[in-house]
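Shown next: coords_25.txt, containing compact mmCIF, C-alpha atoms and all ligand atoms.
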```
# COMPACT_ATOMS: atom_id res chain seq x y z
CA MET A 246 0.00 0.00 0.00
CA TYR A 247 1.48 3.30 -1.03
CA PHE A 248 0.32 6.65 0.27
CA SER A 249 0.92 9.03 -2.55
CA LYS A 250 2.32 12.43 -1.79
CA LEU A 251 0.04 13.65 -4.54
CA LEU A 252 -2.95 13.13 -2.29
CA LEU A 253 -1.51 15.41 0.32
CA GLY A 254 -2.62 18.74 -1.08
CA PHE A 255 -6.04 17.43 -2.01
CA PHE A 256 -6.94 15.77 1.26
CA SER A 257 -5.42 18.44 3.39
CA LEU A 258 -8.46 20.47 2.53
CA PHE A 259 -11.03 17.72 2.84
CA VAL A 260 -12.43 18.73 6.16
CA SER A 261 -15.90 18.79 7.60
CA THR A 262 -18.01 21.87 7.12
CA PRO A 263 -17.23 24.26 9.94
CA THR A 264 -20.61 24.41 11.60
CA HIS A 265 -19.38 24.26 15.18
CA ALA A 266 -16.84 27.02 15.27
CA GLY A 267 -18.13 29.83 17.35
CA ASP A 268 -21.46 28.28 18.32
CA PHE A 269 -20.24 25.78 20.87
CA SER A 270 -19.57 26.72 24.45
CA TYR A 271 -16.80 24.75 26.08
CA ASN A 272 -16.24 24.23 29.74
CA GLU A 273 -12.51 24.92 29.34
CA PRO A 274 -10.38 26.93 26.94
CA SER A 275 -8.39 24.74 24.57
CA THR A 276 -5.00 25.56 26.10
CA ALA A 277 -6.00 23.77 29.31
CA TRP A 278 -6.23 20.58 27.23
CA ALA A 279 -2.86 21.04 25.57
CA ASN A 280 -0.49 19.94 28.34
CA LEU A 281 1.42 16.91 27.17
CA PRO A 282 2.00 14.14 29.71
CA ALA A 283 5.46 14.31 31.28
CA GLY A 284 8.02 12.07 29.66
CA SER A 285 7.99 13.14 26.03
CA SER A 286 11.41 12.31 24.61
CA ILE A 287 11.03 14.15 21.30
CA PRO A 288 10.40 17.77 20.32
CA VAL A 289 6.66 18.48 20.24
CA GLU A 290 5.47 21.91 19.26
CA ARG A 291 1.97 23.31 19.63
CA VAL A 292 1.00 24.69 16.21
CA ARG A 293 -1.74 26.67 14.58
CA LEU A 294 -2.77 25.24 11.22
CA SER A 295 -2.97 27.75 8.42
CA PHE A 296 -4.04 27.77 4.80
CA SER A 297 -3.49 30.08 1.88
CA PRO A 298 -6.44 31.58 -0.02
CA ASP A 299 -5.11 29.72 -3.09
CA GLU A 300 -5.50 26.35 -1.40
CA VAL A 301 -9.12 27.10 -0.59
CA LEU A 302 -9.81 28.39 -4.10
CA GLN A 303 -8.21 25.30 -5.58
CA MET A 304 -10.43 23.05 -3.49
CA GLN A 305 -13.56 24.98 -4.43
CA ASP A 306 -12.56 24.78 -8.08
CA SER A 307 -11.79 21.05 -7.98
CA LEU A 308 -15.17 20.29 -6.44
CA LYS A 309 -16.98 22.54 -8.91
CA HIS A 310 -15.42 20.60 -11.79
CA ALA A 311 -15.55 17.16 -10.21
CA ARG A 312 -16.81 14.53 -12.63
CA HIS A 313 -20.00 12.94 -11.41
CA SER A 314 -20.76 9.34 -12.24
CA TYR A 315 -23.75 8.77 -14.52
CA LEU A 316 -27.00 9.18 -12.69
CA ASN A 317 -28.24 5.84 -13.97
CA SER A 318 -25.14 4.05 -12.70
CA GLY A 319 -26.87 3.69 -9.35
CA ASP A 320 -24.16 5.66 -7.61
CA ARG A 321 -26.47 8.39 -6.40
CA ASP A 322 -24.69 8.59 -3.06
CA GLN A 323 -21.47 9.69 -4.67
CA ASN A 324 -23.20 12.33 -6.77
CA ASP A 325 -25.09 13.66 -3.78
CA TRP A 326 -21.92 13.72 -1.72
CA ILE A 327 -20.02 15.71 -4.34
CA SER A 328 -22.88 18.20 -4.71
CA ARG A 329 -23.13 18.68 -0.96
CA ALA A 330 -19.36 19.01 -0.60
CA SER A 331 -19.26 21.52 -3.42
CA ASP A 332 -22.08 23.59 -1.86
CA SER A 333 -20.45 23.52 1.58
CA TRP A 334 -17.03 24.41 0.24
CA SER A 335 -18.37 27.37 -1.72
CA GLU A 336 -19.04 29.04 1.66
CA ILE A 337 -15.68 28.25 3.22
CA THR A 338 -13.13 30.98 3.73
CA VAL A 339 -9.61 30.81 5.11
CA PRO A 340 -10.58 32.36 8.48
CA ASN A 341 -13.50 30.02 9.16
CA LEU A 342 -11.51 26.97 8.02
CA GLU A 343 -8.67 27.89 10.33
CA THR A 344 -11.00 28.66 13.25
CA ASP A 345 -12.76 25.36 12.79
CA LEU A 346 -9.62 23.23 12.67
CA ASN A 347 -7.75 25.09 15.39
CA ARG A 348 -10.58 24.95 17.92
CA HIS A 349 -8.84 21.87 19.32
CA PRO A 350 -5.12 21.77 20.18
CA GLN A 351 -2.83 20.90 17.25
CA PHE A 352 0.77 19.71 17.55
CA ASN A 353 3.76 18.84 15.43
CA ALA A 354 6.19 16.15 16.65
CA SER A 355 9.61 15.40 15.17
CA LEU A 356 10.70 11.79 15.40
CA ALA A 357 12.94 9.20 13.78
CA VAL A 358 11.78 5.72 12.81
CA ASP A 359 14.34 3.24 11.53
CA GLY A 360 16.86 6.05 11.35
CA GLN A 361 14.62 8.18 9.15
CA SER A 362 13.41 11.49 10.47
CA SER A 363 9.86 12.62 9.92
CA ASN A 364 7.17 14.71 11.51
CA ILE A 365 3.77 13.70 12.75
CA HIS A 366 1.03 16.28 13.03
CA PHE A 367 -1.64 15.47 15.60
CA MET A 368 -4.73 16.85 17.29
CA ALA A 369 -5.13 15.95 20.95
CA LEU A 370 -6.90 16.52 24.22
CA PHE A 371 -4.63 15.74 27.16
CA SER A 372 -6.07 15.11 30.60
CA GLN A 373 -4.27 16.02 33.79
CA GLU A 374 -5.80 13.03 35.56
CA PRO A 375 -2.75 10.80 36.32
CA ALA A 376 -4.66 7.58 35.55
CA ALA A 377 -6.11 8.84 32.26
CA ILE A 378 -6.08 6.18 29.54
CA PRO A 379 -4.72 7.21 26.14
CA ILE A 380 -6.93 6.42 23.16
CA VAL A 381 -5.42 6.83 19.70
CA LEU A 382 -8.04 7.49 17.02
CA LEU A 383 -7.00 6.74 13.43
CA HIS A 384 -8.64 8.39 10.46
CA GLY A 385 -9.57 6.74 7.18
CA TRP A 386 -8.86 7.14 3.49
CA PRO A 387 -9.76 9.64 2.29
CA GLY A 388 -9.86 11.39 5.60
CA ASN A 389 -8.06 13.45 8.17
CA VAL A 390 -8.05 14.44 11.82
CA ALA A 391 -11.19 16.57 11.38
CA GLU A 392 -13.18 13.32 11.40
CA PHE A 393 -12.82 13.48 15.16
CA SER A 394 -13.41 17.19 15.80
CA ASP A 395 -17.05 16.69 16.77
CA LEU A 396 -16.12 13.86 19.14
CA PHE A 397 -13.62 16.20 20.79
CA ASP A 398 -16.46 18.73 21.25
CA ILE A 399 -18.44 16.10 23.15
CA PHE A 400 -15.51 15.24 25.44
CA ARG A 401 -14.85 18.90 26.13
CA SER A 402 -18.50 19.51 27.03
CA ARG A 403 -18.60 16.51 29.41
CA TYR A 404 -15.23 16.65 31.12
CA SER A 405 -12.68 19.14 32.30
CA PRO A 406 -8.94 18.62 31.68
CA ALA A 407 -8.60 17.93 35.42
CA ASP A 408 -10.97 14.95 35.47
CA CYS A 409 -11.14 13.54 31.95
CA PRO A 410 -10.57 9.76 32.19
CA PHE A 411 -8.95 9.67 28.73
CA HIS A 412 -6.31 11.32 26.61
CA LEU A 413 -7.49 11.52 22.98
CA ILE A 414 -4.77 11.54 20.33
CA VAL A 415 -5.50 11.81 16.60
CA PRO A 416 -2.39 11.67 14.40
CA SER A 417 -2.44 12.59 10.73
CA LEU A 418 -1.27 9.32 9.18
CA PRO A 419 2.17 9.50 7.53
CA GLY A 420 1.78 11.08 4.10
CA TYR A 421 -1.55 12.71 4.94
CA THR A 422 -2.17 16.43 5.37
CA PHE A 423 0.44 17.83 7.76
CA SER A 424 2.41 14.65 8.56
CA SER A 425 5.43 14.06 6.39
CA GLY A 426 5.29 11.10 4.08
CA ASN A 427 7.87 8.48 3.37
CA PRO A 428 10.12 9.22 0.42
CA ILE A 429 8.27 8.51 -2.77
CA LEU A 430 10.48 5.56 -3.72
CA ASP A 431 10.31 4.01 -0.29
CA ARG A 432 7.61 1.60 0.77
CA ALA A 433 5.03 3.14 3.09
CA ASP A 434 3.15 -0.04 3.83
CA LEU A 435 0.91 -0.78 6.79
CA VAL A 436 3.77 -2.23 8.82
CA ARG A 437 5.79 0.94 8.40
CA VAL A 438 2.85 3.20 9.20
CA THR A 439 1.98 1.06 12.25
CA ARG A 440 5.55 1.21 13.53
CA THR A 441 5.60 4.97 13.06
CA ILE A 442 2.36 5.51 15.00
CA ASP A 443 3.47 3.20 17.82
CA ARG A 444 6.86 4.90 18.08
CA PHE A 445 5.23 8.33 17.99
CA LEU A 446 2.92 7.42 20.94
CA ALA A 447 5.80 6.05 23.02
CA ASP A 448 8.00 9.04 22.18
CA ILE A 449 5.42 11.59 23.34
CA GLY A 450 5.36 9.81 26.71
CA LEU A 451 2.46 7.38 26.26
CA ASP A 452 4.59 4.27 26.74
CA ASN A 453 2.47 2.74 29.46
CA GLY A 454 -0.31 1.34 27.31
CA TYR A 455 -2.97 2.75 25.02
CA ILE A 456 -6.19 1.78 23.26
CA ALA A 457 -6.44 2.02 19.46
CA HIS A 458 -9.54 2.77 17.43
CA GLY A 459 -9.74 3.28 13.70
CA GLY A 460 -12.21 3.57 10.87
CA ASP A 461 -11.60 2.52 7.26
CA ILE A 462 -7.82 2.26 6.71
CA GLY A 463 -7.40 3.36 10.32
CA SER A 464 -9.05 0.10 11.39
CA TYR A 465 -6.27 -1.91 9.70
CA ILE A 466 -3.66 0.15 11.51
CA ALA A 467 -5.47 -0.17 14.85
CA ARG A 468 -5.62 -3.94 14.33
CA MET A 469 -1.93 -4.08 13.46
CA LEU A 470 -1.00 -1.98 16.49
CA GLY A 471 -2.76 -4.64 18.56
CA SER A 472 -0.77 -7.43 16.92
CA TYR A 473 2.56 -5.65 16.69
CA SER A 474 2.86 -3.59 19.86
CA SER A 475 2.78 -4.75 23.46
CA ASN A 476 1.98 -1.12 24.28
CA CYS A 477 -1.44 -1.45 22.60
CA LYS A 478 -3.73 -3.00 25.21
CA GLY A 479 -7.04 -3.01 23.38
CA GLY A 480 -8.85 -1.84 20.29
CA LEU A 481 -12.12 -1.19 18.57
CA PHE A 482 -12.43 -1.61 14.81
CA PRO A 483 -16.00 -0.77 13.83
CA ASP A 484 -15.53 -0.63 10.08
CA GLY A 485 -13.00 -1.46 7.42
CA THR A 486 -12.54 -5.19 7.16
CA CYS A 487 -11.55 -5.90 10.74
CA SER A 488 -13.93 -7.61 13.08
CA LEU A 489 -14.50 -6.47 16.63
CA ARG A 490 -11.99 -8.14 18.90
CA ASP A 491 -9.50 -7.32 21.59
CA CYS A 492 -5.99 -6.67 20.35
C1 LIG B 1 6.27 20.41 11.44
O1 LIG B 1 7.68 20.46 11.50
C2 LIG B 1 8.34 20.30 10.25
C3 LIG B 1 9.84 20.31 10.49
O2 LIG B 1 10.19 19.42 11.45
C4 LIG B 1 7.91 21.41 9.32
O3 LIG B 1 8.51 21.20 8.06
C5 LIG B 1 6.40 21.43 9.18
O4 LIG B 1 5.99 22.54 8.42
C6 LIG B 1 5.74 21.51 10.55
N1 LIG B 1 4.29 21.35 10.39
C7 LIG B 1 3.40 22.14 10.98
C8 LIG B 1 1.95 21.83 10.73
O5 LIG B 1 3.71 23.07 11.70
```

Just give me the structure as structure tokens.
Ligand SMILES: *[C@@H]1O[C@H](CO)[C@@H](O)[C@H](O)[C@H]1NC(C)=O
Amino acid sequence: MYFSKLLLGFFSLFVSTPTHAGDFSYNEPSTAWANLPAGSSIPVERVRLSFSPDEVLQMQDSLKHARHSYLNSGDRDQNDWISRASDSWSEITVPNLETDLNRHPQFNASLAVDGQSSNIHFMALFSQEPAAIPIVLLHGWPGNVAEFSDLFDIFRSRYSPADCPFHLIVPSLPGYTFSSGNPILDRADLVRVTRTIDRFLADIGLDNGYIAHGGDIGSYIARMLGSYSSNCKGGLFPDGTCSLRDC
């Protein structure tokens, strides 16, 4: 399985419509959720994601000119999806896209796997509860961390950073959006991606066990984390091809 760098620009803009920015009242400001657990052994920087007006225009243009499948092909869902996406994107501006994505803490970690340096972008809510259990949530293809923004809203409305029983960590998979990809001639197969995610979690200080959940291609990675890493203590794989089982 190869993750093409070519997808990067396209999917970096494939985010949910920003309906929640500004109309959701949180119990805590986002910075209170941004304290990494002690023990990170790699540089991790809090970042603010930004986009250029050109990127947004390009996305609007691509969707406007997207080829629909024939109506009588039975693939109505795809046509409807493209129309809805195109309508939603026509209203998106750089400021509301940035506000929407940055409403939850975003980070950039530098790490080396098998001697190769890379960076992993991730969105996270960190609890200050010492016994909090880390849950890594893995997005699908096509997909990105914004798949989990609404879930983060729910956690932030129910818990405070002082008492949340979980840490939620959503990495951009290697080669997607803001995470660097493997060199184009190198294999970026599931084993490599799994090793990178597992190393990333240990390196940011979550080396005492975590739970993995994934949808679509993320479910394969969650399943492989369970098989490959003794640090992965359990998993949920609701879609993709994996059945529900403990890792
Ligand atoms: C993350 O860090 C790398 C360098 O290590 C940099 O090239 C990249 O732009 C950074 N990404 C973000 C989203 O800040």

Identify, counting all atoms listed in the file, the protein, DNA and RNA residues located within 8 Å of ligand LIG 1 (chain B), and give them as a PDB file with C-alpha atoms, in the coordinates of the input.
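Listing of selection-v2.pdb after writing:
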```pdb
ATOM      1  CA  GLU A 290       5.470  21.910  19.260  1.00  0.00           C
ATOM      2  CA  VAL A 292       1.000  24.690  16.210  1.00  0.00           C
ATOM      3  CA  ARG A 293      -1.740  26.670  14.580  1.00  0.00           C
ATOM      4  CA  LEU A 294      -2.770  25.240  11.220  1.00  0.00           C
ATOM      5  CA  PHE A 352       0.770  19.710  17.550  1.00  0.00           C
ATOM      6  CA  ASN A 353       3.760  18.840  15.430  1.00  0.00           C
ATOM      7  CA  ALA A 354       6.190  16.150  16.650  1.00  0.00           C
ATOM      8  CA  SER A 355       9.610  15.400  15.170  1.00  0.00           C
ATOM      9  CA  SER A 363       9.860  12.620   9.920  1.00  0.00           C
ATOM     10  CA  ASN A 364       7.170  14.710  11.510  1.00  0.00           C
ATOM     11  CA  ILE A 365       3.770  13.700  12.750  1.00  0.00           C
ATOM     12  CA  HIS A 366       1.030  16.280  13.030  1.00  0.00           C
ATOM     13  CA  PHE A 423       0.440  17.830   7.760  1.00  0.00           C
ATOM     14  CA  SER A 424       2.410  14.650   8.560  1.00  0.00           C
ATOM     15  CA  SER A 425       5.430  14.060   6.390  1.00  0.00           C
TER      16      SER A 425
END
```

* **Length of the CA of Ala283 (chain A) to CA of Ile466 (chain A) vector [Å]** =>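 So the two atoms, CA of Ala283 (chain A) and CA of Ile466 (chain A), lie 26.0 Å apart.
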
Env of Tyr404 (chain A): 9 Å cut, atoms = all atoms listed in the file, seq-sep filter 5 positions within chain, self excluded. Answer as a short mmCIF file (atom, residue, chain, number, x, y, z; two decimals) with C-alpha atoms, in the coordinates of the input.
```cif
data_model
loop_
_atom_site.label_atom_id
_atom_site.label_comp_id
_atom_site.auth_asym_id
_atom_site.auth_seq_id
_atom_site.Cartn_x
_atom_site.Cartn_y
_atom_site.Cartn_z
CA ASN A 272 -16.24 24.23 29.74
CA GLU A 273 -12.51 24.92 29.34
CA ILE A 399 -18.44 16.10 23.15
CA CYS A 409 -11.14 13.54 31.95
CA PRO A 410 -10.57 9.76 32.19
#
```

* Among the residues A:Asn280, A:Asn341, A:Ser417, A:Ser297, the one that comes closest to Met368 (chain A) [using all atoms listed in the file] ->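 For Met368 (chain A), the nearest of the candidates is A:Ser417.
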
* To do: Please indicate the distance in Å from CA of Arg348 (chain A) to CA of Pro406 (chain A), rounded to one decimal place.
  => 15.2 Å

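The space separating CA of Asn476 (chain A) from CA of Ala369 (chain A) comes to 18.8 Å.
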
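Comparing the minimum interatomic distances between Asp345 (chain A) and each of A:Ser394, A:Thr422, A:Thr439, A:Ser464, counting all atoms listed in the file, we find that A:Ser394 sits nearest.
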
* Structure fact -> Counting only C-alpha atoms, the residue among A:Leu451, A:Ala279, A:Ala377, A:Ile337 that lies closest to Leu302 (chain A) is A:Ile337

* Would you mind listing what lies within 9 Å of Ala277 (chain A) as a list in words, with all atoms listed in the file counted and same-chain residues fewer than 5 positions away left out? =>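 Final neighbour list, sorted by chain and number: Leu370, Phe371, Ser372, Ser405, Pro406 and Ala407 of chain A.
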
* **Selected residue of minimal separation from Ser335 (chain A) among A:Arg440, A:Met469, A:Gln305, A:Asp461, counting all atoms listed in the file** => A:Gln305

Close residues, Lys309 (chain A) itself excluded, 10 Å, all atoms listed in the file, min 4 positions apart in chain, as a JSON list (two decimals) with C-alpha atoms, keeping the file's coordinate frame:
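Everything below was put into around_39.json:
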```json
[["chain", "number", "residue", "atom", "x", "y", "z"],
["A", 303, "GLN", "CA", -8.21, 25.30, -5.58],
["A", 304, "MET", "CA", -10.43, 23.05, -3.49],
["A", 305, "GLN", "CA", -13.56, 24.98, -4.43],
["A", 327, "ILE", "CA", -20.02, 15.71, -4.34],
["A", 328, "SER", "CA", -22.88, 18.20, -4.71],
["A", 330, "ALA", "CA", -19.36, 19.01, -0.60],
["A", 331, "SER", "CA", -19.26, 21.52, -3.42],
["A", 332, "ASP", "CA", -22.08, 23.59, -1.86],
["A", 334, "TRP", "CA", -17.03, 24.41, 0.24],
["A", 335, "SER", "CA", -18.37, 27.37, -1.72]]
```

* Asked: So, counting all atoms listed in the file, which residue among A:Asn324, A:Arg444, A:Val415, A:Ser295 is closest to Asp359 (chain A)?
  ->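 Going through A:Asn324, A:Arg444, A:Val415, A:Ser295 one by one, the smallest distance to Asp359 (chain A) is for A:Arg444.
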
* Determine the nearest neighbour of His412 (chain A) from the options A:Leu470, A:Val381, A:Val301, A:Val438, counting all atoms listed in the file. => A:Val381

* **Who sits within 10 Å of Ala447 (chain A), all atoms listed in the file, same chain under 4 positions skipped, as a list in words** =>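 Final neighbour list, sorted by chain and number: Gly284, Ser285, Ser286, Ile287, Ile442, Asp443, Leu451, Asp452, Asn453, Gly454, Tyr455 and Asn476 of chain A.
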
For region 296-309 of chain A, where the input has fewer atoms than it should, I would like N, CA, C and O atoms rebuilt and written as a compact mmCIF listing (two decimals), in the frame of the given file.
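Final file, part_15.txt:
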```txt
# COMPACT_ATOMS: atom_id res chain seq x y z
N PHE A 296 -3.81 28.06 6.21
CA PHE A 296 -4.04 27.77 4.80
C PHE A 296 -3.89 29.05 4.00
O PHE A 296 -4.13 30.14 4.52
N SER A 297 -3.54 28.89 2.73
CA SER A 297 -3.49 30.08 1.88
C SER A 297 -4.82 30.19 1.14
O SER A 297 -5.48 29.17 0.90
N PRO A 298 -5.20 31.41 0.76
CA PRO A 298 -6.44 31.58 -0.02
C PRO A 298 -6.41 30.72 -1.29
O PRO A 298 -7.44 30.18 -1.71
N ASP A 299 -5.22 30.53 -1.88
CA ASP A 299 -5.11 29.72 -3.09
C ASP A 299 -5.53 28.28 -2.86
O ASP A 299 -6.15 27.65 -3.71
N GLU A 300 -5.13 27.74 -1.69
CA GLU A 300 -5.50 26.35 -1.40
C GLU A 300 -7.02 26.19 -1.33
O GLU A 300 -7.57 25.21 -1.82
N VAL A 301 -7.67 27.18 -0.71
CA VAL A 301 -9.12 27.10 -0.59
C VAL A 301 -9.77 27.26 -1.96
O VAL A 301 -10.67 26.51 -2.34
N LEU A 302 -9.26 28.19 -2.75
CA LEU A 302 -9.81 28.39 -4.10
C LEU A 302 -9.66 27.13 -4.95
O LEU A 302 -10.55 26.73 -5.69
N GLN A 303 -8.49 26.50 -4.80
CA GLN A 303 -8.21 25.30 -5.58
C GLN A 303 -9.19 24.18 -5.22
O GLN A 303 -9.67 23.46 -6.08
N MET A 304 -9.49 24.08 -3.94
CA MET A 304 -10.43 23.05 -3.49
C MET A 304 -11.83 23.34 -4.02
O MET A 304 -12.52 22.44 -4.51
N GLN A 305 -12.22 24.61 -3.95
CA GLN A 305 -13.56 24.98 -4.43
C GLN A 305 -13.67 24.69 -5.92
O GLN A 305 -14.66 24.15 -6.41
N ASP A 306 -12.58 24.99 -6.64
CA ASP A 306 -12.56 24.78 -8.08
C ASP A 306 -12.60 23.29 -8.43
O ASP A 306 -13.34 22.88 -9.32
N SER A 307 -11.82 22.49 -7.70
CA SER A 307 -11.79 21.05 -7.98
C SER A 307 -13.18 20.45 -7.78
O SER A 307 -13.63 19.63 -8.58
N LEU A 308 -13.85 20.87 -6.71
CA LEU A 308 -15.17 20.29 -6.44
C LEU A 308 -16.19 20.75 -7.48
O LEU A 308 -17.05 20.00 -7.90
N LYS A 309 -16.05 22.03 -7.91
CA LYS A 309 -16.98 22.54 -8.91
C LYS A 309 -16.87 21.74 -10.22
O LYS A 309 -17.85 21.51 -10.90
```
